[in-house]
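Trainee: What follows is coords_33.cif, mmCIF, C-alpha atoms and all ligand atoms.
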data_upload
#
loop_
_atom_site.label_atom_id
_atom_site.label_comp_id
_atom_site.auth_asym_id
_atom_site.auth_seq_id
_atom_site.Cartn_x
_atom_site.Cartn_y
_atom_site.Cartn_z
CA MET L 1 0.00 0.00 0.00
CA SER L 2 1.26 3.47 -0.84
CA GLU L 3 2.70 5.42 2.05
CA ALA L 4 0.76 8.63 2.67
CA PHE L 5 3.82 10.43 4.05
CA SER L 6 7.34 9.85 2.73
CA TYR L 7 10.61 11.69 2.21
CA ARG L 8 11.74 12.78 -1.24
CA ALA L 9 15.09 14.57 -1.43
CA ASP L 10 14.93 14.91 2.37
CA VAL L 11 11.60 16.76 2.33
CA LEU L 12 8.52 15.09 3.80
CA HIS L 13 5.74 14.78 1.22
CA CYS L 14 2.07 13.92 1.45
CA ALA L 15 1.55 12.11 -1.86
CA ASP L 16 3.32 14.51 -4.27
CA VAL L 17 3.00 17.66 -2.14
CA PRO L 18 6.15 18.88 -0.32
CA LEU L 19 4.97 19.64 3.20
CA THR L 20 7.52 22.40 3.79
CA GLU L 21 5.80 24.34 0.99
CA LEU L 22 2.33 23.50 2.25
CA ALA L 23 3.21 24.67 5.78
CA GLU L 24 4.61 27.88 4.30
CA ALA L 25 1.55 28.51 2.14
CA VAL L 26 -1.16 27.71 4.70
CA GLY L 27 0.63 28.33 8.00
CA THR L 28 0.84 26.01 10.99
CA PRO L 29 -0.63 24.28 12.88
CA LEU L 30 -2.57 22.52 10.15
CA TYR L 31 -4.09 19.12 9.47
CA VAL L 32 -3.29 17.47 6.15
CA TYR L 33 -4.96 14.35 4.73
CA SER L 34 -4.14 12.07 1.82
CA ALA L 35 -7.12 11.17 -0.37
CA GLU L 36 -5.21 8.25 -1.89
CA ARG L 37 -4.46 6.78 1.49
CA MET L 38 -8.10 6.96 2.56
CA ARG L 39 -9.14 5.18 -0.62
CA ALA L 40 -6.47 2.52 -0.07
CA ASN L 41 -7.58 2.05 3.54
CA VAL L 42 -11.22 1.60 2.51
CA GLU L 43 -10.18 -0.91 -0.15
CA ARG L 44 -8.10 -2.81 2.38
CA VAL L 45 -10.97 -3.17 4.86
CA ARG L 46 -13.47 -3.85 2.08
CA ALA L 47 -11.32 -6.53 0.41
CA ALA L 48 -10.70 -8.27 3.73
CA PHE L 49 -14.41 -8.36 4.60
CA ALA L 50 -15.75 -9.00 1.07
CA PRO L 51 -15.99 -12.78 1.62
CA LEU L 52 -18.29 -12.03 4.57
CA GLY L 53 -20.51 -9.83 2.40
CA ALA L 54 -20.11 -7.08 5.01
CA THR L 55 -21.49 -3.59 4.55
CA LEU L 56 -19.23 -0.81 5.80
CA HIS L 57 -20.53 2.19 7.73
CA TYR L 58 -17.80 4.79 8.17
CA SER L 59 -17.77 6.05 11.75
CA LEU L 60 -18.08 9.83 11.51
CA LYS L 61 -16.76 10.41 15.00
CA ALA L 62 -13.20 9.65 13.80
CA ASN L 63 -13.17 12.58 11.36
CA ALA L 64 -16.25 14.41 10.14
CA ASN L 65 -14.73 16.92 7.72
CA LEU L 66 -17.23 17.40 4.87
CA ALA L 67 -14.70 16.97 2.07
CA LEU L 68 -13.53 13.69 3.61
CA LEU L 69 -17.11 12.55 4.07
CA ARG L 70 -17.92 13.31 0.43
CA LEU L 71 -14.88 11.32 -0.64
CA LEU L 72 -15.86 8.39 1.57
CA HIS L 73 -19.45 8.56 0.36
CA SER L 74 -18.19 8.41 -3.23
CA LEU L 75 -16.56 5.09 -2.30
CA ASP L 76 -20.01 3.71 -1.58
CA LEU L 77 -19.77 3.50 2.20
CA GLY L 78 -22.64 3.89 4.61
CA ALA L 79 -22.24 5.94 7.79
CA ASP L 80 -22.19 5.36 11.54
CA ALA L 81 -23.50 8.32 13.55
CA VAL L 82 -23.73 8.93 17.30
CA SER L 83 -25.70 12.15 17.44
CA GLY L 84 -28.32 14.16 15.61
CA GLY L 85 -25.48 16.39 14.47
CA GLU L 86 -23.60 13.50 12.88
CA ILE L 87 -26.77 12.28 11.14
CA GLU L 88 -27.44 15.74 9.73
CA ARG L 89 -23.84 16.02 8.55
CA ALA L 90 -23.81 12.57 6.96
CA ILE L 91 -26.99 13.37 5.01
CA TYR L 92 -25.62 16.80 4.06
CA ALA L 93 -22.49 15.08 2.71
CA GLY L 94 -24.66 12.79 0.58
CA PHE L 95 -25.05 9.57 2.57
CA PRO L 96 -28.53 8.11 2.03
CA PRO L 97 -30.33 8.01 5.42
CA GLN L 98 -31.19 4.33 5.02
CA ARG L 99 -27.45 3.56 4.99
CA ILE L 100 -26.86 5.34 8.31
CA VAL L 101 -26.66 3.39 11.55
CA PHE L 102 -27.36 5.38 14.72
CA ALA L 103 -25.57 4.35 17.92
CA GLY L 104 -25.09 5.88 21.33
CA VAL L 105 -26.05 5.39 24.94
CA GLY L 106 -27.70 8.79 25.33
CA LYS L 107 -29.84 9.39 22.27
CA THR L 108 -32.41 11.98 23.31
CA PRO L 109 -36.09 11.60 22.37
CA ALA L 110 -35.59 14.60 20.06
CA GLU L 111 -32.66 12.88 18.32
CA LEU L 112 -34.60 9.62 17.99
CA ALA L 113 -37.55 11.55 16.51
CA TYR L 114 -35.26 13.34 14.07
CA ALA L 115 -33.61 10.06 13.03
CA LEU L 116 -37.06 8.50 12.44
CA ASP L 117 -38.24 11.51 10.46
CA VAL L 118 -35.26 11.42 8.11
CA GLY L 119 -35.45 7.63 7.75
CA VAL L 120 -32.23 6.37 9.38
CA GLY L 121 -31.63 2.72 8.43
CA TRP L 122 -30.69 1.08 11.69
CA PHE L 123 -30.91 2.06 15.35
CA ASN L 124 -28.34 0.44 17.67
CA VAL L 125 -30.37 0.46 20.86
CA GLU L 126 -28.52 0.51 24.18
CA SER L 127 -31.22 0.20 26.87
CA ARG L 128 -34.76 -0.98 27.54
CA ASP L 129 -35.83 2.59 28.14
CA GLU L 130 -34.47 3.67 24.76
CA LEU L 131 -36.30 0.80 23.06
CA ARG L 132 -39.57 1.85 24.70
CA THR L 133 -39.10 5.46 23.64
CA LEU L 134 -38.17 4.50 20.09
CA ASP L 135 -41.17 2.16 19.84
CA ARG L 136 -43.51 4.91 21.01
CA LEU L 137 -42.06 7.54 18.67
CA ALA L 138 -42.16 5.12 15.74
CA GLY L 139 -45.77 4.22 16.54
CA GLU L 140 -46.75 7.90 16.56
CA ARG L 141 -45.21 8.26 13.11
CA GLY L 142 -46.55 5.03 11.64
CA VAL L 143 -43.06 3.78 10.76
CA ARG L 144 -41.20 0.59 11.74
CA PRO L 145 -37.42 1.13 11.99
CA ASN L 146 -34.79 -1.59 12.09
CA VAL L 147 -33.21 -2.17 15.46
CA ALA L 148 -30.00 -3.91 16.50
CA LEU L 149 -29.73 -4.46 20.25
CA ARG L 150 -26.29 -3.51 21.51
CA LEU L 151 -24.84 -6.29 23.62
CA ASN L 152 -22.31 -5.52 26.30
CA PRO L 153 -20.65 -8.95 26.42
CA GLY L 154 -18.71 -8.28 29.61
CA ILE L 155 -15.29 -8.49 27.95
CA ARG L 156 -12.50 -6.17 29.00
CA ALA L 157 -10.68 -5.68 25.71
CA GLN L 158 -6.92 -5.22 25.60
CA THR L 159 -6.74 -1.55 24.74
CA HIS L 160 -6.42 1.73 26.60
CA ALA L 161 -8.89 1.72 29.52
CA HIS L 162 -10.51 4.90 28.21
CA ILE L 163 -11.58 3.24 24.96
CA ALA L 164 -12.65 -0.20 26.24
CA THR L 165 -16.44 -0.37 25.99
CA GLY L 166 -17.45 -4.04 26.21
CA HIS L 167 -17.15 -4.65 29.95
CA LEU L 168 -19.92 -4.19 32.47
CA GLY L 169 -18.16 -1.33 34.26
CA ALA L 170 -18.70 0.71 31.07
CA LYS L 171 -21.92 2.55 30.27
CA PHE L 172 -22.28 0.97 26.83
CA GLY L 173 -24.76 -1.62 25.62
CA MET L 174 -26.87 -4.06 27.59
CA ALA L 175 -25.89 -7.12 29.59
CA ALA L 176 -26.68 -10.50 28.04
CA GLU L 177 -29.69 -11.08 30.36
CA VAL L 178 -31.30 -7.82 29.26
CA VAL L 179 -30.74 -8.57 25.57
CA ALA L 180 -32.20 -12.07 26.08
CA GLU L 181 -35.29 -10.60 27.77
CA LEU L 182 -35.85 -8.01 25.07
CA LEU L 183 -35.56 -10.64 22.34
CA ALA L 184 -38.08 -12.82 24.15
CA GLU L 185 -40.45 -9.86 24.54
CA ARG L 186 -40.18 -8.56 21.00
CA ALA L 187 -43.94 -8.60 20.56
CA ALA L 188 -44.20 -5.87 23.21
CA TYR L 189 -42.46 -3.50 20.79
CA PRO L 190 -44.67 -3.72 17.70
CA HIS L 191 -43.45 -0.53 16.07
CA VAL L 192 -39.81 -1.61 15.72
CA HIS L 193 -38.26 -4.50 13.85
CA ILE L 194 -35.58 -6.08 16.04
CA GLY L 195 -33.53 -7.74 13.32
CA GLY L 196 -30.04 -7.80 14.70
CA LEU L 197 -27.46 -7.39 17.42
CA HIS L 198 -24.64 -4.89 17.72
CA ILE L 199 -21.32 -5.15 19.51
CA HIS L 200 -18.40 -2.77 19.82
CA ILE L 201 -16.05 -3.83 22.59
CA GLY L 202 -13.53 -1.04 22.11
CA SER L 203 -11.28 0.85 19.76
CA GLN L 204 -7.65 0.10 18.82
CA LEU L 205 -8.22 -3.57 19.68
CA ALA L 206 -5.02 -5.56 20.19
CA ASP L 207 -6.53 -9.05 20.17
CA VAL L 208 -8.90 -10.56 17.61
CA ALA L 209 -9.87 -13.35 20.04
CA GLU L 210 -11.91 -10.94 22.18
CA THR L 211 -14.02 -9.89 19.20
CA VAL L 212 -14.55 -13.56 18.29
CA GLN L 213 -15.72 -14.18 21.85
CA ALA L 214 -18.13 -11.24 21.69
CA VAL L 215 -19.53 -12.38 18.33
CA ARG L 216 -20.13 -15.88 19.72
CA ALA L 217 -21.95 -14.39 22.71
CA ALA L 218 -24.19 -12.34 20.42
CA GLN L 219 -24.90 -15.34 18.20
CA ALA L 220 -25.84 -17.50 21.17
CA LEU L 221 -28.43 -14.92 22.21
CA ALA L 222 -29.87 -14.60 18.70
CA ALA L 223 -29.84 -18.35 17.98
CA PRO L 224 -33.52 -19.01 18.88
CA TYR L 225 -34.72 -16.22 16.58
CA ALA L 226 -34.17 -17.09 12.91
CA ASP L 227 -35.07 -13.58 11.77
CA VAL L 228 -32.39 -11.94 13.95
CA ARG L 229 -29.45 -12.46 11.63
CA VAL L 230 -27.86 -9.03 11.27
CA LEU L 231 -24.66 -8.71 13.23
CA ASN L 232 -23.02 -5.31 13.50
CA VAL L 233 -19.51 -5.92 14.81
CA GLY L 234 -18.72 -2.22 15.37
CA GLY L 235 -15.30 -0.68 14.80
CA GLY L 236 -12.07 -1.26 16.66
CA ILE L 237 -9.60 -2.31 13.94
CA PRO L 238 -6.30 -0.92 15.22
CA VAL L 239 -3.65 1.10 13.44
CA PRO L 240 0.05 1.00 14.29
CA TYR L 241 1.11 4.22 16.02
CA ARG L 242 4.52 2.73 16.75
CA ALA L 243 6.52 0.34 14.60
CA ASP L 244 7.39 -1.91 17.53
CA ALA L 245 3.87 -3.04 18.41
CA PRO L 246 2.52 -5.76 16.11
CA LEU L 247 -1.26 -5.42 15.82
CA PRO L 248 -3.95 -7.44 14.06
CA THR L 249 -4.83 -6.29 10.53
CA PRO L 250 -8.28 -6.00 8.92
CA GLN L 251 -7.51 -9.35 7.25
CA ASP L 252 -6.80 -10.94 10.65
CA PHE L 253 -10.20 -9.80 11.92
CA ALA L 254 -11.98 -10.95 8.76
CA ASP L 255 -10.23 -14.34 8.76
CA ALA L 256 -11.13 -14.95 12.39
CA LEU L 257 -14.77 -13.93 11.92
CA ALA L 258 -15.50 -15.47 8.51
CA PRO L 259 -16.06 -19.05 9.74
CA LEU L 260 -18.52 -17.80 12.38
CA LEU L 261 -20.59 -15.49 10.27
CA ARG L 262 -21.88 -17.68 7.46
CA GLY L 263 -25.57 -16.99 7.03
CA TRP L 264 -25.35 -13.65 8.84
CA ARG L 265 -25.65 -10.17 7.36
CA VAL L 266 -22.58 -8.41 8.66
CA LYS L 267 -22.09 -4.72 9.32
CA LEU L 268 -18.88 -2.98 10.25
CA GLU L 269 -18.28 0.54 11.61
CA PRO L 270 -14.64 1.38 10.85
CA GLY L 271 -13.37 4.82 11.81
CA ARG L 272 -9.71 4.89 12.78
CA SER L 273 -8.66 2.25 10.23
CA VAL L 274 -10.00 4.48 7.42
CA VAL L 275 -8.54 7.86 8.32
CA ALA L 276 -5.84 7.65 11.03
CA ASP L 277 -2.70 7.08 8.95
CA ALA L 278 -4.03 9.27 6.13
CA GLY L 279 -3.60 12.36 8.29
CA ALA L 280 -0.89 14.39 10.00
CA LEU L 281 -0.76 17.52 12.11
CA LEU L 282 1.94 19.91 10.90
CA VAL L 283 3.44 22.21 13.51
CA SER L 284 6.35 24.68 13.67
CA VAL L 285 9.00 25.03 16.33
CA ILE L 286 8.62 28.26 18.31
CA ARG L 287 11.69 27.76 20.47
CA VAL L 288 13.84 25.12 22.13
CA LYS L 289 14.69 25.18 25.80
CA ARG L 290 16.59 22.87 28.13
CA GLN L 291 15.32 22.25 31.61
CA GLY L 292 15.84 19.49 34.18
CA GLY L 293 18.14 17.66 31.78
CA ARG L 294 15.51 17.52 29.04
CA ARG L 295 15.22 19.20 25.67
CA PHE L 296 11.81 20.84 25.32
CA VAL L 297 10.77 21.62 21.76
CA VAL L 298 7.97 24.17 22.09
CA THR L 299 5.73 24.17 19.00
CA ASP L 300 2.68 26.04 17.79
CA GLY L 301 0.71 22.76 17.97
CA SER L 302 -0.77 21.67 21.29
CA MET L 303 -3.30 19.51 23.11
CA ALA L 304 -5.96 21.90 21.82
CA GLU L 305 -5.33 20.64 18.27
CA LEU L 306 -4.44 17.01 19.15
CA LEU L 307 -5.76 15.81 22.49
CA ARG L 308 -4.87 12.12 22.22
CA PRO L 309 -1.41 12.24 23.87
CA ALA L 310 -2.79 14.23 26.84
CA LEU L 311 -5.98 12.18 27.19
CA TYR L 312 -4.76 8.63 26.53
CA GLY L 313 -0.97 8.88 26.70
CA ALA L 314 -1.14 8.14 22.96
CA GLN L 315 2.21 7.94 21.21
CA HIS L 316 2.20 9.57 17.80
CA PRO L 317 5.40 9.49 15.76
CA ILE L 318 6.84 12.97 15.20
CA VAL L 319 9.24 13.58 12.33
CA PRO L 320 10.91 16.69 10.88
CA LEU L 321 9.54 18.13 7.62
CA ARG L 322 13.16 18.49 6.49
CA ARG L 323 15.22 15.36 7.14
CA SER L 324 18.66 15.89 8.62
CA GLU L 325 21.84 13.80 8.73
CA LYS L 326 22.57 15.04 12.23
CA ALA L 327 22.27 12.70 15.21
CA THR L 328 18.89 12.56 16.91
CA GLU L 329 18.28 13.17 20.60
CA ALA L 330 15.09 12.63 22.59
CA ALA L 331 12.88 15.70 22.79
CA ALA L 332 9.73 16.50 24.72
CA VAL L 333 7.57 18.10 22.05
CA VAL L 334 5.16 20.44 23.81
CA GLY L 335 2.66 23.17 23.00
CA PRO L 336 1.99 26.65 24.38
CA VAL L 337 -1.11 25.66 26.40
CA CYS L 338 -1.02 26.23 30.15
CA GLU L 339 -1.26 22.58 31.20
CA SER L 340 1.48 20.14 32.17
CA THR L 341 -0.25 17.52 30.02
CA ASP L 342 0.19 19.70 26.92
CA VAL L 343 2.77 17.32 25.50
CA LEU L 344 2.61 15.93 21.95
CA SER L 345 5.43 13.48 22.64
CA GLN L 346 7.51 12.80 25.74
CA ASP L 347 10.47 11.38 23.88
CA ALA L 348 10.51 11.97 20.14
CA PRO L 349 13.91 11.16 18.61
CA LEU L 350 14.59 14.37 16.69
CA PRO L 351 17.66 16.09 15.21
CA PRO L 352 18.77 19.54 16.41
CA LEU L 353 15.93 22.01 15.82
CA ARG L 354 15.49 25.74 15.82
CA ALA L 355 12.68 28.25 15.59
CA GLY L 356 10.73 27.94 12.37
CA ASP L 357 11.54 24.29 11.67
CA GLY L 358 8.53 22.20 10.73
CA LEU L 359 7.45 18.90 12.29
CA ALA L 360 4.77 16.40 11.37
CA VAL L 361 2.79 14.55 14.03
CA LEU L 362 1.82 11.40 12.15
CA VAL L 363 -1.19 9.04 12.31
CA ALA L 364 -3.34 11.99 13.39
CA GLY L 365 -6.21 11.70 10.88
CA ALA L 366 -8.55 9.97 13.35
CA TYR L 367 -9.79 11.58 16.57
CA GLY L 368 -7.59 14.59 15.88
CA MET L 369 -9.47 17.58 14.48
CA VAL L 370 -12.82 16.26 15.79
CA MET L 371 -11.51 16.48 19.35
CA ALA L 372 -9.82 19.86 18.91
CA SER L 373 -10.94 22.72 21.15
CA ASN L 374 -10.51 26.46 21.52
CA TYR L 375 -8.84 26.12 24.93
CA ASN L 376 -6.64 29.14 25.66
CA MET L 377 -8.58 30.97 22.91
CA ARG L 378 -6.75 29.05 20.22
CA PRO L 379 -8.44 29.14 16.81
CA ARG L 380 -8.85 25.60 15.47
CA PRO L 381 -6.45 24.74 12.64
CA PRO L 382 -7.29 24.48 8.95
CA GLU L 383 -7.61 21.14 7.16
CA VAL L 384 -6.03 20.41 3.78
CA LEU L 385 -6.88 17.56 1.45
CA VAL L 386 -4.13 16.28 -0.84
CA GLU L 387 -4.76 14.45 -4.09
CA GLY L 388 -1.58 13.64 -6.02
CA ALA L 389 0.28 16.91 -6.49
CA ARG L 390 -2.82 19.02 -5.80
CA TRP L 391 -3.99 20.28 -2.45
CA ARG L 392 -6.86 22.43 -1.24
CA VAL L 393 -7.94 23.90 2.06
CA VAL L 394 -11.17 22.08 2.93
CA ARG L 395 -11.70 23.93 6.18
CA ARG L 396 -10.13 27.32 6.81
CA ARG L 397 -8.36 28.33 9.98
CA GLU L 398 -10.62 29.87 12.61
CA THR L 399 -10.00 33.51 13.42
CA TRP L 400 -10.20 35.40 16.70
CA ALA L 401 -13.43 36.91 15.40
CA ASP L 402 -14.82 33.39 14.84
CA LEU L 403 -14.21 32.72 18.52
CA ARG L 404 -16.50 35.65 19.42
CA ARG L 405 -19.17 34.84 16.88
CA LEU L 406 -21.64 33.01 19.09
CA GLU L 407 -21.42 35.25 22.09
CA VAL L 408 -24.35 37.48 22.88
CA GLU L 409 -23.21 40.98 23.74
CA THR L 410 -25.70 43.33 25.26
N1 LIG Q 501 -18.70 2.01 16.46
C1 LIG Q 501 -18.92 2.40 17.73
C2 LIG Q 501 -20.17 2.02 18.38
C3 LIG Q 501 -17.94 3.16 18.39
O1 LIG Q 501 -18.15 3.52 19.66
C4 LIG Q 501 -16.74 3.50 17.74
C5 LIG Q 501 -15.72 4.30 18.40
C6 LIG Q 501 -16.57 3.07 16.40
C7 LIG Q 501 -17.56 2.32 15.79
C8 LIG Q 501 -15.33 3.40 15.60
O2 LIG Q 501 -14.26 2.72 16.12
P1 LIG Q 501 -12.82 2.72 15.42
O3 LIG Q 501 -12.93 1.96 14.13
O4 LIG Q 501 -12.42 4.10 15.19
O5 LIG Q 501 -11.97 2.01 16.41
N2 LIG Q 501 -11.18 9.09 20.87
C9 LIG Q 501 -10.59 7.76 21.01
C10 LIG Q 501 -11.40 6.72 20.29
C11 LIG Q 501 -12.85 6.65 20.73
C12 LIG Q 501 -13.61 5.61 20.00
C13 LIG Q 501 -15.07 5.71 20.29
N3 LIG Q 501 -15.87 4.76 19.58
C14 LIG Q 501 -9.17 7.80 20.52
O6 LIG Q 501 -8.69 8.86 20.12
O7 LIG Q 501 -8.48 6.78 20.54
#
Can you dump the structure from the file as structure tokens?
Ligand code: LLP
Mentor:
Amino acid sequence: MSEAFSYRADVLHCADVPLTELAEAVGTPLYVYSAERMRANVERVRAAFAPLGATLHYSLKANANLALLRLLHSLDLGADAVSGGEIERAIYAGFPPQRIVFAGVGKTPAELAYALDVGVGWFNVESRDELRTLDRLAGERGVRPNVALRLNPGIRAQTHAHIATGHLGAKFGMAAEVVAELLAERAAYPHVHIGGLHIHIGSQLADVAETVQAVRAAQALAAPYADVRVLNVGGGIPVPYRADAPLPTPQDFADALAPLLRGWRVKLEPGRSVVADAGALLVSVIRVKRQGGRRFVVTDGSMAELLRPALYGAQHPIVPLRRSEKATEAAAVVGPVCESTDVLSQDAPLPPLRAGDGLAVLVAGAYGMVMASNYNMRPRPPEVLVEGARWRVVRRRETWADLRRLEVET
């Protein structure tokens, strides 16, 4: 598969675009995404799961930029949404409502009503109360939506504790007993069609065996009901943030699940595996200072633009835009935000750097811009989409005036 980011004549490129020039033209910090890499990622997941006849629903929460969504829609994906806002955006970007799946533990009655009114394809229901509300709202509208009951299989997946969702200490899904009861009582919910089960035990999953276990648990619950044969296996396919950690591939997941899922209609909600390694955050060095025996490289990028290192201790590779022959030395790459956790990397091996040098924080296409904030009154960065040698700004940089826009001044 083509690398999204690679050096040519010592300058880091995204596809055919030299990132030193892009950083100069647009300014930093900025997010840059490779269209080719997204296409390749979709093909990779699709090819792996083709023997299972799976339908793919791109998980908007990973990156909801409109230009990216339009590109992903053009590849014939459905969408996975977790809020009214994501549903509206998916439809705006062109996704047909019937190919949207709607998940989430806290869907409000207003969001459920909206989703029914626009004709969302599947509701992943996460509690008895939600099922009752959905049934009532559907009855009032004379519609009968498809429902997949989200099972919490009680499996603590091997991933960061903050993104493990399939254990009973987490708020997500319903315990097996509750799912079993709801399936047995289906007649009590005449305005919904309970046709499937949904699982998502976590993101960045390190072990395929846990997903297999969860799928088996879901199948055992559905076994008595021949018309409950849709299985939505959620997202969770990991991406390598560091070269030293071998992780299962989409093919590994597909190979492990294929023997189990014959006769089932399979859905998948990939997010990270589609966009993560297609994106980078470009930042510039403001200054370098030494303190307590460490080299601090202070950049114009921070936890406000990329929260993952601060929130999960995530380790994103950081590389210079201009490659150097000089020896590398560990650097703490930090931002200007007034928080000790405002660290992009604790120990990036980097050559000597000075003010103005550019760096790329890699594998930042997923859960990057979507989690960015205006903390410290920082305007959110622009986003650039690269296609071959062409690039375009697909979201402009916020301005200080933008930050005032919603405030009501008397
Ligand atoms: N489906 C459901 C029901 C989900 O909750 C998620 C992610 C996905 C699909 C997509 O999963 P993926 O393919 O991306 O693993 N902010 C965190 C990740 C949170 C994931 C939340 N749910 C991070 O930066 O690592």
Trainee: Using all atoms listed in the file, determine which residues fall within 7 Å of ligand LIG 501 (chain Q), then list them as a list in words.
Mentor: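 Using all atoms listed in the file, everything at most 7 Å from ligand LIG 501 (chain Q) comes to Ser59, Ala62, Asp80, Ala103, Gly104, Ile163, His200, Gly202, Ser203, Gln204, Gly234, Gly235, Gly236, Ile237, Pro238, Glu269, Pro270, Gly271, Arg272, Ser273, Arg308, Ala366 and Tyr367 of chain L.
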Trainee: With all atoms listed in the file as the basis for distance, which of L:Pro381, L:Lys289, L:Glu177, L:Arg70 is at the shortest distance from L:Val393?
Mentor: L:Pro381
Trainee: Quote the spacing between atom CA of L:Thr20 and atom CA of L:Leu311 in Å to one decimal place.
Mentor: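 Computing it gives 28.9 Å between the two atoms.
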Trainee: Pick from L:Ala314, L:Val334, L:Ala40, L:Leu261: nearest to L:Arg294, with only C-alpha atoms counted?
Mentor: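 Closest candidate: L:Val334.
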Trainee: Using only C-alpha atoms, collect all residues at a distance of at most 12 Å from (-5.9, 15.1, 30.6) as written in the file, then present them as a compact mmCIF listing (two decimals) with C-alpha atoms, in the frame of the given file.
Mentor:
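Written output follows (point11.txt):
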# COMPACT_ATOMS: atom_id res chain seq x y z
CA HIS L 162 -10.51 4.90 28.21
CA MET L 303 -3.30 19.51 23.11
CA ALA L 304 -5.96 21.90 21.82
CA LEU L 306 -4.44 17.01 19.15
CA LEU L 307 -5.76 15.81 22.49
CA ARG L 308 -4.87 12.12 22.22
CA PRO L 309 -1.41 12.24 23.87
CA ALA L 310 -2.79 14.23 26.84
CA LEU L 311 -5.98 12.18 27.19
CA TYR L 312 -4.76 8.63 26.53
CA GLY L 313 -0.97 8.88 26.70
CA ALA L 314 -1.14 8.14 22.96
CA GLU L 339 -1.26 22.58 31.20
CA SER L 340 1.48 20.14 32.17
CA THR L 341 -0.25 17.52 30.02
CA ASP L 342 0.19 19.70 26.92
CA VAL L 343 2.77 17.32 25.50
Trainee: As a list in words, please: the residues near L:Met38 (cut-off 7 Å, all atoms listed in the file, same-chain neighbours under 6 positions excluded).
Mentor: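 Contacts, with the query itself left out: Val274, Val275 and Ala278 of chain L.
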Trainee: Give the answer as one residue: which of L:Pro351, L:Gly27, L:Pro320, L:Gly142 has the shortest atom-to-atom distance to L:Val11, using only C-alpha atoms?
Mentor: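 Smallest separation from L:Val11 among the options: L:Pro320.
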Trainee: Give me the residues of stretch 7-58 of chain L that have any atom at most 9 Å from an atom of stretch 256-259 of chain L; for each, the nearest atom pair and the distance in Å, rounded to one decimal. Use all atoms listed in the file, sort by chain and number, and format it as a Markdown table.
Mentor:
| residue | atom | partner | partner_atom | distance |
| --- | --- | --- | --- | --- |
| L:Phe49 | CA | L:Ala258 | CA | 8.2 |
| L:Pro51 | CA | L:Ala258 | CA | 7.4 |
| L:Leu52 | CA | L:Ala258 | CA | 5.9 |
Trainee: Got a sec to check which residues sit within 9 Å of (9.0, 19.2, 18.1), counting all atoms listed in the file, and write them as a PyMOL selection string?
Mentor: chain L and resi 283-285+288+296-299+318-320+331-335+344-345+348+350+353+357-361
